[in-house]
file coords.tsv (TSV, N, CA and C atoms)
chain	number	residue	atom	x	y	z
A	23	MET	N	109.70	89.03	77.14
A	23	MET	CA	108.55	89.76	76.60
A	23	MET	C	107.27	89.00	76.93
A	24	SER	N	106.28	89.68	77.40
A	24	SER	CA	104.99	89.09	77.75
A	24	SER	C	104.27	88.58	76.52
A	25	ASN	N	103.64	87.43	76.64
A	25	ASN	CA	102.80	86.89	75.57
A	25	ASN	C	101.34	87.29	75.73
A	26	LEU	N	101.00	87.88	76.85
A	26	LEU	CA	99.63	88.18	77.22
A	26	LEU	C	99.04	89.28	76.33
A	27	ASN	N	97.87	89.03	75.74
A	27	ASN	CA	97.24	90.09	74.96
A	27	ASN	C	96.53	91.07	75.89
A	28	SER	N	96.19	92.23	75.39
A	28	SER	CA	95.66	93.30	76.25
A	28	SER	C	94.30	92.95	76.85
A	29	GLN	N	93.44	92.23	76.11
A	29	GLN	CA	92.13	91.87	76.64
A	29	GLN	C	92.27	90.87	77.79
A	30	THR	N	93.11	89.86	77.63
A	30	THR	CA	93.31	88.87	78.67
A	30	THR	C	93.97	89.52	79.88
A	31	ARG	N	94.94	90.38	79.65
A	31	ARG	CA	95.60	91.11	80.74
A	31	ARG	C	94.56	91.88	81.55
A	32	GLN	N	93.66	92.57	80.85
A	32	GLN	CA	92.65	93.36	81.54
A	32	GLN	C	91.67	92.48	82.32
A	33	ARG	N	91.31	91.33	81.80
A	33	ARG	CA	90.43	90.39	82.52
A	33	ARG	C	91.10	89.92	83.81
A	34	ILE	N	92.39	89.65	83.74
A	34	ILE	CA	93.13	89.24	84.94
A	34	ILE	C	93.18	90.38	85.95
A	35	ILE	N	93.49	91.57	85.49
A	35	ILE	CA	93.54	92.74	86.37
A	35	ILE	C	92.19	92.99	87.01
A	36	ASP	N	91.11	92.92	86.23
A	36	ASP	CA	89.77	93.13	86.78
A	36	ASP	C	89.45	92.11	87.86
A	37	THR	N	89.82	90.85	87.65
A	37	THR	CA	89.60	89.81	88.65
A	37	THR	C	90.38	90.12	89.93
A	38	CYS	N	91.62	90.57	89.77
A	38	CYS	CA	92.43	90.94	90.94
A	38	CYS	C	91.80	92.09	91.70
A	39	LEU	N	91.41	93.14	90.99
A	39	LEU	CA	90.82	94.32	91.63
A	39	LEU	C	89.53	93.99	92.37
A	40	LYS	N	88.69	93.17	91.76
A	40	LYS	CA	87.41	92.79	92.38
A	40	LYS	C	87.61	91.93	93.62
A	41	ASN	N	88.80	91.38	93.77
A	41	ASN	CA	89.07	90.48	94.88
A	41	ASN	C	90.16	90.99	95.81
A	42	GLY	N	90.33	92.31	95.87
A	42	GLY	CA	91.18	92.93	96.88
A	42	GLY	C	92.64	93.10	96.56
A	43	PHE	N	93.05	92.86	95.32
A	43	PHE	CA	94.46	93.00	94.94
A	43	PHE	C	94.62	94.10	93.90
A	44	ALA	N	95.50	95.05	94.17
A	44	ALA	CA	95.80	96.12	93.23
A	44	ALA	C	97.06	95.77	92.44
A	45	VAL	N	97.09	96.18	91.19
A	45	VAL	CA	98.25	95.94	90.33
A	45	VAL	C	99.31	96.98	90.64
A	46	GLN	N	100.55	96.53	90.79
A	46	GLN	CA	101.65	97.45	91.02
A	46	GLN	C	102.29	97.77	89.66
A	47	LEU	N	102.42	99.05	89.37
A	47	LEU	CA	102.96	99.51	88.10
A	47	LEU	C	104.14	100.45	88.33
A	48	LYS	N	104.91	100.67	87.28
A	48	LYS	CA	105.97	101.68	87.31
A	48	LYS	C	105.33	103.06	87.24
A	49	ALA	N	106.10	104.08	87.48
A	49	ALA	CA	105.60	105.46	87.46
A	49	ALA	C	104.98	105.83	86.11
A	50	ASP	N	105.48	105.23	85.02
A	50	ASP	CA	104.95	105.54	83.69
A	50	ASP	C	103.71	104.72	83.34
A	51	GLY	N	103.23	103.89	84.28
A	51	GLY	CA	102.02	103.10	84.05
A	51	GLY	C	102.27	101.72	83.44
A	52	SER	N	103.52	101.41	83.13
A	52	SER	CA	103.82	100.10	82.56
A	52	SER	C	103.96	99.06	83.69
A	53	ASP	N	103.90	97.79	83.30
A	53	ASP	CA	104.03	96.71	84.29
A	53	ASP	C	105.37	96.80	85.02
A	54	LEU	N	105.35	96.43	86.29
A	54	LEU	CA	106.54	96.49	87.13
A	54	LEU	C	107.66	95.63	86.56
A	55	TYR	N	107.30	94.46	86.03
A	55	TYR	CA	108.27	93.57	85.41
A	55	TYR	C	107.75	93.12	84.05
A	56	GLU	N	108.67	92.83	83.14
A	56	GLU	CA	108.30	92.46	81.78
A	56	GLU	C	107.53	91.14	81.71
A	57	LYS	N	107.88	90.16	82.54
A	57	LYS	CA	107.29	88.83	82.43
A	57	LYS	C	106.28	88.51	83.53
A	58	ASN	N	105.91	89.51	84.35
A	58	ASN	CA	104.98	89.27	85.45
A	58	ASN	C	104.08	90.48	85.68
A	59	LEU	N	102.82	90.19	85.97
A	59	LEU	CA	101.95	91.20	86.58
A	59	LEU	C	102.16	91.04	88.08
A	60	VAL	N	102.32	92.11	88.79
A	60	VAL	CA	102.54	92.06	90.23
A	60	VAL	C	101.34	92.69	90.91
A	61	VAL	N	100.74	91.92	91.84
A	61	VAL	CA	99.58	92.43	92.56
A	61	VAL	C	99.83	92.35	94.06
A	62	LYS	N	99.15	93.22	94.80
A	62	LYS	CA	99.36	93.31	96.25
A	62	LYS	C	98.04	93.65	96.93
A	63	SER	N	97.85	93.03	98.09
A	63	SER	CA	96.67	93.30	98.91
A	63	SER	C	97.13	93.72	100.30
A	64	ASN	N	96.37	94.58	100.93
A	64	ASN	CA	96.67	94.96	102.32
A	64	ASN	C	96.43	93.80	103.28
A	65	ARG	N	95.69	92.78	102.82
A	65	ARG	CA	95.34	91.65	103.68
A	65	ARG	C	96.18	90.40	103.40
A	66	TYR	N	97.24	90.56	102.62
A	66	TYR	CA	98.13	89.43	102.33
A	66	TYR	C	99.56	89.94	102.46
A	67	PRO	N	100.45	89.18	103.13
A	67	PRO	CA	101.76	89.73	103.53
A	67	PRO	C	102.77	90.03	102.43
A	68	SER	N	102.64	89.47	101.24
A	68	SER	CA	103.65	89.75	100.22
A	68	SER	C	103.00	89.94	98.84
A	69	ARG	N	103.83	90.36	97.92
A	69	ARG	CA	103.34	90.53	96.55
A	69	ARG	C	103.06	89.17	95.91
A	70	VAL	N	102.18	89.17	94.94
A	70	VAL	CA	101.82	87.98	94.18
A	70	VAL	C	102.22	88.26	92.73
A	71	PHE	N	102.88	87.28	92.12
A	71	PHE	CA	103.37	87.43	90.74
A	71	PHE	C	102.54	86.55	89.81
A	72	ILE	N	101.95	87.16	88.80
A	72	ILE	CA	101.18	86.43	87.80
A	72	ILE	C	102.02	86.42	86.53
A	73	HIS	N	102.49	85.25	86.16
A	73	HIS	CA	103.37	85.13	85.01
A	73	HIS	C	102.63	85.43	83.71
A	74	THR	N	103.27	86.18	82.84
A	74	THR	CA	102.64	86.57	81.58
A	74	THR	C	103.27	85.88	80.37
A	75	GLU	N	104.09	84.87	80.63
A	75	GLU	CA	104.64	84.05	79.55
A	75	GLU	C	104.28	82.58	79.75
A	76	THR	N	104.58	82.03	80.92
A	76	THR	CA	104.30	80.62	81.20
A	76	THR	C	102.79	80.39	81.18
A	77	GLY	N	102.36	79.43	80.35
A	77	GLY	CA	100.95	79.11	80.24
A	77	GLY	C	100.17	80.02	79.32
A	78	ILE	N	100.86	80.94	78.67
A	78	ILE	CA	100.22	81.90	77.78
A	78	ILE	C	100.57	81.56	76.33
A	79	SER	N	99.57	81.47	75.47
A	79	SER	CA	99.78	81.14	74.06
A	79	SER	C	100.47	82.30	73.35
A	80	LYS	N	101.54	81.99	72.62
A	80	LYS	CA	102.22	83.01	71.82
A	80	LYS	C	101.38	83.45	70.64
A	81	VAL	N	100.45	82.60	70.21
A	81	VAL	CA	99.60	82.91	69.05
A	81	VAL	C	98.41	83.77	69.45
A	82	SER	N	97.62	83.30	70.43
A	82	SER	CA	96.40	84.01	70.78
A	82	SER	C	96.60	85.06	71.87
A	83	GLY	N	97.62	84.88	72.71
A	83	GLY	CA	97.83	85.79	73.84
A	83	GLY	C	96.91	85.49	75.01
A	84	ASP	N	96.15	84.41	74.91
A	84	ASP	CA	95.28	83.99	76.01
A	84	ASP	C	96.00	82.90	76.80
A	85	PHE	N	95.46	82.54	77.95
A	85	PHE	CA	96.15	81.55	78.78
A	85	PHE	C	95.54	80.16	78.65
A	86	THR	N	96.43	79.17	78.76
A	86	THR	CA	95.98	77.79	78.91
A	86	THR	C	95.96	77.46	80.41
A	87	PHE	N	96.81	78.13	81.16
A	87	PHE	CA	96.79	78.09	82.62
A	87	PHE	C	97.51	79.33	83.12
A	88	LEU	N	97.29	79.67	84.39
A	88	LEU	CA	97.97	80.79	85.02
A	88	LEU	C	98.97	80.27	86.05
A	89	LYS	N	100.17	80.77	86.00
A	89	LYS	CA	101.21	80.45	86.98
A	89	LYS	C	101.30	81.63	87.94
A	90	ILE	N	101.03	81.36	89.22
A	90	ILE	CA	100.98	82.39	90.25
A	90	ILE	C	102.06	82.09	91.28
A	91	ALA	N	102.99	83.01	91.48
A	91	ALA	CA	104.08	82.82	92.45
A	91	ALA	C	103.81	83.65	93.70
A	92	VAL	N	104.08	83.01	94.86
A	92	VAL	CA	103.94	83.68	96.15
A	92	VAL	C	105.19	83.40	96.99
A	93	HIS	N	105.37	84.18	98.03
A	93	HIS	CA	106.47	83.95	98.97
A	93	HIS	C	106.33	82.54	99.53
A	94	PRO	N	107.42	81.78	99.63
A	94	PRO	CA	107.32	80.40	100.12
A	94	PRO	C	106.64	80.27	101.48
A	95	ASP	N	106.86	81.23	102.37
A	95	ASP	CA	106.24	81.17	103.70
A	95	ASP	C	104.75	81.50	103.66
A	96	SER	N	104.28	82.07	102.55
A	96	SER	CA	102.87	82.47	102.44
A	96	SER	C	102.06	81.54	101.55
A	97	PHE	N	102.71	80.49	101.05
A	97	PHE	CA	102.00	79.50	100.23
A	97	PHE	C	101.05	78.73	101.14
A	98	LYS	N	99.79	78.64	100.75
A	98	LYS	CA	98.79	77.95	101.56
A	98	LYS	C	98.41	76.64	100.88
A	99	GLU	N	98.98	75.57	101.40
A	99	GLU	CA	98.72	74.23	100.84
A	99	GLU	C	97.23	73.89	100.87
A	100	GLU	N	96.52	74.39	101.87
A	100	GLU	CA	95.10	74.08	102.00
A	100	GLU	C	94.25	74.67	100.86
A	101	LEU	N	94.80	75.59	100.11
A	101	LEU	CA	94.07	76.15	98.96
A	101	LEU	C	94.19	75.29	97.71
A	102	VAL	N	95.14	74.36	97.72
A	102	VAL	CA	95.32	73.47	96.57
A	102	VAL	C	94.12	72.52	96.50
A	103	ASN	N	93.41	72.61	95.38
A	103	ASN	CA	92.23	71.78	95.17
A	103	ASN	C	92.03	71.63	93.66
A	104	PRO	N	92.56	70.57	93.07
A	104	PRO	CA	92.43	70.39	91.62
A	104	PRO	C	90.99	70.44	91.11
A	105	ALA	N	90.03	70.01	91.92
A	105	ALA	CA	88.63	70.07	91.50
A	105	ALA	C	88.15	71.51	91.31
A	106	LEU	N	88.80	72.45	92.01
A	106	LEU	CA	88.47	73.87	91.87
A	106	LEU	C	89.41	74.59	90.90
A	107	GLY	N	90.32	73.84	90.29
A	107	GLY	CA	91.23	74.43	89.32
A	107	GLY	C	92.49	75.03	89.91
A	108	ILE	N	92.82	74.67	91.15
A	108	ILE	CA	94.00	75.20	91.84
A	108	ILE	C	94.93	74.04	92.16
A	109	GLU	N	96.13	74.05	91.56
A	109	GLU	CA	97.11	72.99	91.80
A	109	GLU	C	98.41	73.59	92.30
A	110	SER	N	99.20	72.77	92.95
A	110	SER	CA	100.56	73.12	93.31
A	110	SER	C	101.42	72.80	92.09
A	111	LEU	N	102.21	73.75	91.64
A	111	LEU	CA	103.00	73.56	90.42
A	111	LEU	C	104.39	73.04	90.77
A	112	LEU	N	104.81	72.00	90.06
A	112	LEU	CA	106.14	71.44	90.29
A	112	LEU	C	107.11	71.93	89.23
A	113	ASN	N	108.30	72.29	89.67
A	113	ASN	CA	109.39	72.68	88.78
A	113	ASN	C	109.83	71.43	88.01
A	114	LYS	N	109.85	71.49	86.70
A	114	LYS	CA	110.21	70.32	85.88
A	114	LYS	C	111.63	69.84	86.13
A	115	GLN	N	112.53	70.74	86.50
A	115	GLN	CA	113.92	70.35	86.73
A	115	GLN	C	114.13	69.72	88.11
A	116	THR	N	113.56	70.34	89.13
A	116	THR	CA	113.82	69.89	90.50
A	116	THR	C	112.75	68.96	91.06
A	117	LYS	N	111.59	68.94	90.42
A	117	LYS	CA	110.43	68.15	90.89
A	117	LYS	C	109.91	68.64	92.24
A	118	HIS	N	110.23	69.88	92.61
A	118	HIS	CA	109.74	70.52	93.82
A	118	HIS	C	108.98	71.79	93.44
A	119	ASN	N	108.13	72.25	94.31
A	119	ASN	CA	107.44	73.51	94.08
A	119	ASN	C	108.32	74.65	94.59
A	120	LEU	N	109.32	74.99	93.80
A	120	LEU	CA	110.22	76.09	94.12
A	120	LEU	C	110.78	76.63	92.80
A	121	PHE	N	110.51	77.90	92.54
A	121	PHE	CA	110.90	78.53	91.28
A	121	PHE	C	111.70	79.79	91.58
A	122	SER	N	112.78	79.99	90.83
A	122	SER	CA	113.62	81.17	91.06
A	122	SER	C	113.39	82.20	89.97
A	123	SER	N	113.49	83.47	90.36
A	123	SER	CA	113.37	84.58	89.43
A	123	SER	C	113.98	85.83	90.07
A	124	SER	N	114.66	86.59	89.27
A	124	SER	CA	115.22	87.85	89.78
A	124	SER	C	114.10	88.83	90.13
A	125	ASN	N	112.89	88.62	89.61
A	125	ASN	CA	111.75	89.50	89.93
A	125	ASN	C	111.28	89.36	91.37
A	126	TYR	N	111.51	88.21	91.98
A	126	TYR	CA	111.00	87.93	93.32
A	126	TYR	C	111.91	88.56	94.39
A	127	VAL	N	112.16	89.84	94.28
A	127	VAL	CA	113.18	90.51	95.09
A	127	VAL	C	112.96	90.38	96.60
A	128	GLU	N	111.72	90.29	97.06
A	128	GLU	CA	111.49	90.21	98.51
A	128	GLU	C	111.39	88.76	99.00
A	129	PHE	N	111.59	87.80	98.11
A	129	PHE	CA	111.51	86.39	98.47
A	129	PHE	C	112.90	85.89	98.89
A	130	PRO	N	112.96	84.79	99.64
A	130	PRO	CA	114.25	84.29	100.12
A	130	PRO	C	115.08	83.63	99.03
A	131	ARG	N	116.37	83.61	99.27
A	131	ARG	CA	117.30	82.87	98.41
A	131	ARG	C	117.64	81.59	99.14
A	132	PHE	N	117.69	80.51	98.37
A	132	PHE	CA	118.07	79.22	98.96
A	132	PHE	C	119.46	78.86	98.47
A	133	GLU	N	120.14	78.05	99.23
A	133	GLU	CA	121.54	77.73	98.96
A	133	GLU	C	121.79	77.27	97.53
A	134	ARG	N	120.89	76.46	96.99
A	134	ARG	CA	121.10	75.90	95.64
A	134	ARG	C	120.67	76.84	94.52
A	135	ASN	N	120.03	77.96	94.85
A	135	ASN	CA	119.56	78.91	93.85
A	135	ASN	C	120.32	80.22	93.93
A	136	LYS	N	120.56	80.83	92.79
A	136	LYS	CA	121.27	82.10	92.76
A	136	LYS	C	120.32	83.29	92.80
A	137	GLU	N	119.02	83.02	92.64
A	137	GLU	CA	118.02	84.08	92.63
A	137	GLU	C	116.98	83.81	93.72
A	138	PRO	N	116.20	84.83	94.06
A	138	PRO	CA	115.10	84.61	95.02
A	138	PRO	C	114.13	83.57	94.49
A	139	CYS	N	113.47	82.86	95.42
A	139	CYS	CA	112.58	81.76	95.04
A	139	CYS	C	111.19	81.93	95.62
A	140	GLY	N	110.20	81.49	94.86
A	140	GLY	CA	108.82	81.47	95.32
A	140	GLY	C	108.20	80.12	95.04
A	141	LYS	N	107.05	79.90	95.65
A	141	LYS	CA	106.26	78.71	95.37
A	141	LYS	C	105.12	79.13	94.45
A	142	CYS	N	104.67	78.18	93.62
A	142	CYS	CA	103.69	78.54	92.60
A	142	CYS	C	102.44	77.68	92.63
A	143	TYR	N	101.36	78.34	92.27
A	143	TYR	CA	100.09	77.68	92.02
A	143	TYR	C	99.89	77.63	90.50
A	144	LYS	N	99.20	76.61	90.04
A	144	LYS	CA	98.80	76.49	88.64
A	144	LYS	C	97.27	76.55	88.63
A	145	LEU	N	96.73	77.56	87.94
A	145	LEU	CA	95.28	77.78	87.94
A	145	LEU	C	94.72	77.54	86.55
A	146	ASP	N	93.52	76.97	86.51
A	146	ASP	CA	92.93	76.66	85.21
A	146	ASP	C	92.08	77.79	84.64
A	147	GLY	N	91.89	78.89	85.36
A	147	GLY	CA	91.11	79.99	84.82
A	147	GLY	C	90.88	81.11	85.82
A	148	LEU	N	90.03	82.05	85.43
A	148	LEU	CA	89.79	83.23	86.25
A	148	LEU	C	88.95	82.93	87.49
A	149	ILE	N	88.09	81.92	87.43
A	149	ILE	CA	87.34	81.53	88.62
A	149	ILE	C	88.30	80.98	89.67
A	150	ALA	N	89.25	80.17	89.23
A	150	ALA	CA	90.28	79.65	90.14
A	150	ALA	C	91.12	80.79	90.70
A	151	LEU	N	91.43	81.79	89.87
A	151	LEU	CA	92.19	82.96	90.34
A	151	LEU	C	91.41	83.68	91.43
A	152	LYS	N	90.13	83.88	91.23
A	152	LYS	CA	89.29	84.52	92.24
A	152	LYS	C	89.33	83.73	93.55
A	153	LYS	N	89.15	82.43	93.48
A	153	LYS	CA	89.15	81.59	94.68
A	153	LYS	C	90.50	81.64	95.39
A	154	LEU	N	91.57	81.64	94.62
A	154	LEU	CA	92.91	81.71	95.22
A	154	LEU	C	93.11	83.04	95.92
A	155	LEU	N	92.79	84.13	95.26
A	155	LEU	CA	92.99	85.46	95.85
A	155	LEU	C	92.19	85.62	97.13
A	156	ILE	N	90.97	85.16	97.13
A	156	ILE	CA	90.14	85.23	98.34
A	156	ILE	C	90.77	84.38	99.44
A	157	GLY	N	91.20	83.18	99.08
A	157	GLY	CA	91.81	82.29	100.05
A	157	GLY	C	93.12	82.80	100.61
A	158	LEU	N	93.93	83.44	99.78
A	158	LEU	CA	95.20	83.99	100.25
A	158	LEU	C	94.99	85.06	101.32
A	159	GLN	N	93.90	85.79	101.18
A	159	GLN	CA	93.59	86.86	102.14
A	159	GLN	C	92.89	86.35	103.39
A	160	GLY	N	92.65	85.05	103.43
A	160	GLY	CA	92.04	84.46	104.61
A	160	GLY	C	90.54	84.61	104.67
A	161	ALA	N	89.93	85.04	103.58
A	161	ALA	CA	88.45	85.21	103.59
A	161	ALA	C	87.76	83.91	103.29

call {"tool": "encode", "arguments": {"input": "coords.tsv", "output": "structure tokens"}}
result
Amino acid sequence: MSNLNSQTRQRIIDTCLKNGFAVQLKADGSDLYEKNLVVKSNRYPSRVFIHTETGISKVSGDFTFLKIAVHPDSFKEELVNPALGIESLLNKQTKHNLFSSSNYVEFPRFERNKEPCGKCYKLDGLIALKKLLIGLQGA
């Protein structure tokens, strides 16, 4: 179940829309996945997953950080810049930037994982999200 409150969700969606990414929804208008907002741009090769539980306060529904998953082949190391609020996120168990989820259906499966895997960015806010989205599209 998503911890994201409706106002924070809308701020994230607005940031995505203003920066070339549309939200993918089910036919009934609900989120494609329960624990992720999924966004897609015509100028970026795969879907981007914005986690709605990790980094989100269960009390306020606002974020302390945003966890953004991308296809491992589309992860751009050059966008990582802690001074701009964009970090490479390490998996606490493996100490590598590789996270598995059944939601990442178009992402590759690795031998040690039973589910598709993506690489993740850790963002400190909406300005960092804007910079990441622009950078992912090569602008």

call {"tool": "select_by_dssp", "arguments": {"input": "coords.tsv", "residues": "chain A", "states": "alpha helix (DSSP H)", "output": "list in words"}}
result
Ser28, Gln29, Thr30, Arg31, Gln32, Arg33, Ile34, Ile35, Asp36, Thr37, Cys38, Leu39, Lys40, Leu148, Ile149, Ala150, Leu151, Lys152, Lys153, Leu154, Leu155, Ile156, Gly157 and Leu158 of chain A

call {"tool": "closest_residue", "arguments": {"input": "coords.tsv", "among": "A:Phe43, A:Arg31, A:Leu111, A:Asp95", "to": "Arg65 in chain A", "atoms": "only N, CA and C atoms"}}
result
A:Phe43

call {"tool": "closest_residue", "arguments": {"input": "coords.tsv", "among": "A:Leu148, A:Phe129, A:Lys153, A:Val45", "to": "Arg33 in chain A", "atoms": "only C-alpha atoms"}}
result
A:Leu148

call {"tool": "closest_residue", "arguments": {"input": "coords.tsv", "among": "A:Phe71, A:Phe121, A:Phe97, A:Phe132", "to": "Lys57 in chain A", "atoms": "only N, CA and C atoms"}}
result
A:Phe71

call {"tool": "residues_around", "arguments": {"input": "coords.tsv", "residues": "Val81 in chain A", "least_positions_apart": "2", "cutoff": "12 Å", "atoms": "only C-alpha atoms", "output": "number ranges by chain"}}
result
A: 24-27, 75, 77-79, 83-86

call {"tool": "residues_around", "arguments": {"input": "coords.tsv", "residues": "Lys144 in chain A", "least_positions_apart": "2", "cutoff": "7 Å", "atoms": "only C-alpha atoms", "output": "PyMOL selection string"}}
result
chain A and resi 87-90+108-111+142+146

call {"tool": "select_by_dssp", "arguments": {"input": "coords.tsv", "residues": "chain A", "states": "strand (DSSP E)", "output": "VMD selection string"}}
result
chain A and resid 44 to 46 58 to 62 70 to 73 88 to 92 108 to 110 121 to 122 139 to 145

call {"tool": "closest_residue", "arguments": {"input": "coords.tsv", "among": "A:Val70, A:Ile35, A:Ala44, A:Leu145", "to": "Val92 in chain A", "atoms": "all atoms listed in the file"}}
result
A:Val70

call {"tool": "closest_atom_pairs", "arguments": {"input": "coords.tsv", "of": "range 30-130 of chain A", "to": "range 156-160 of chain A", "cutoff": "7 Å", "atoms": "all atoms listed in the file", "output": "CSV"}}
result
residue,atom,partner,partner_atom,distance
A:Asn41,C,A:Ile156,N,6.0
A:Arg65,C,A:Gln159,CA,4.6
A:Tyr66,N,A:Gln159,CA,5.2
A:Leu101,CA,A:Gly157,CA,6.6

call {"tool": "atom_distance", "arguments": {"input": "coords.tsv", "atom1": "CA of Asn135 in chain A", "atom2": "CA of Ala91 in chain A"}}
result
16.0 Å
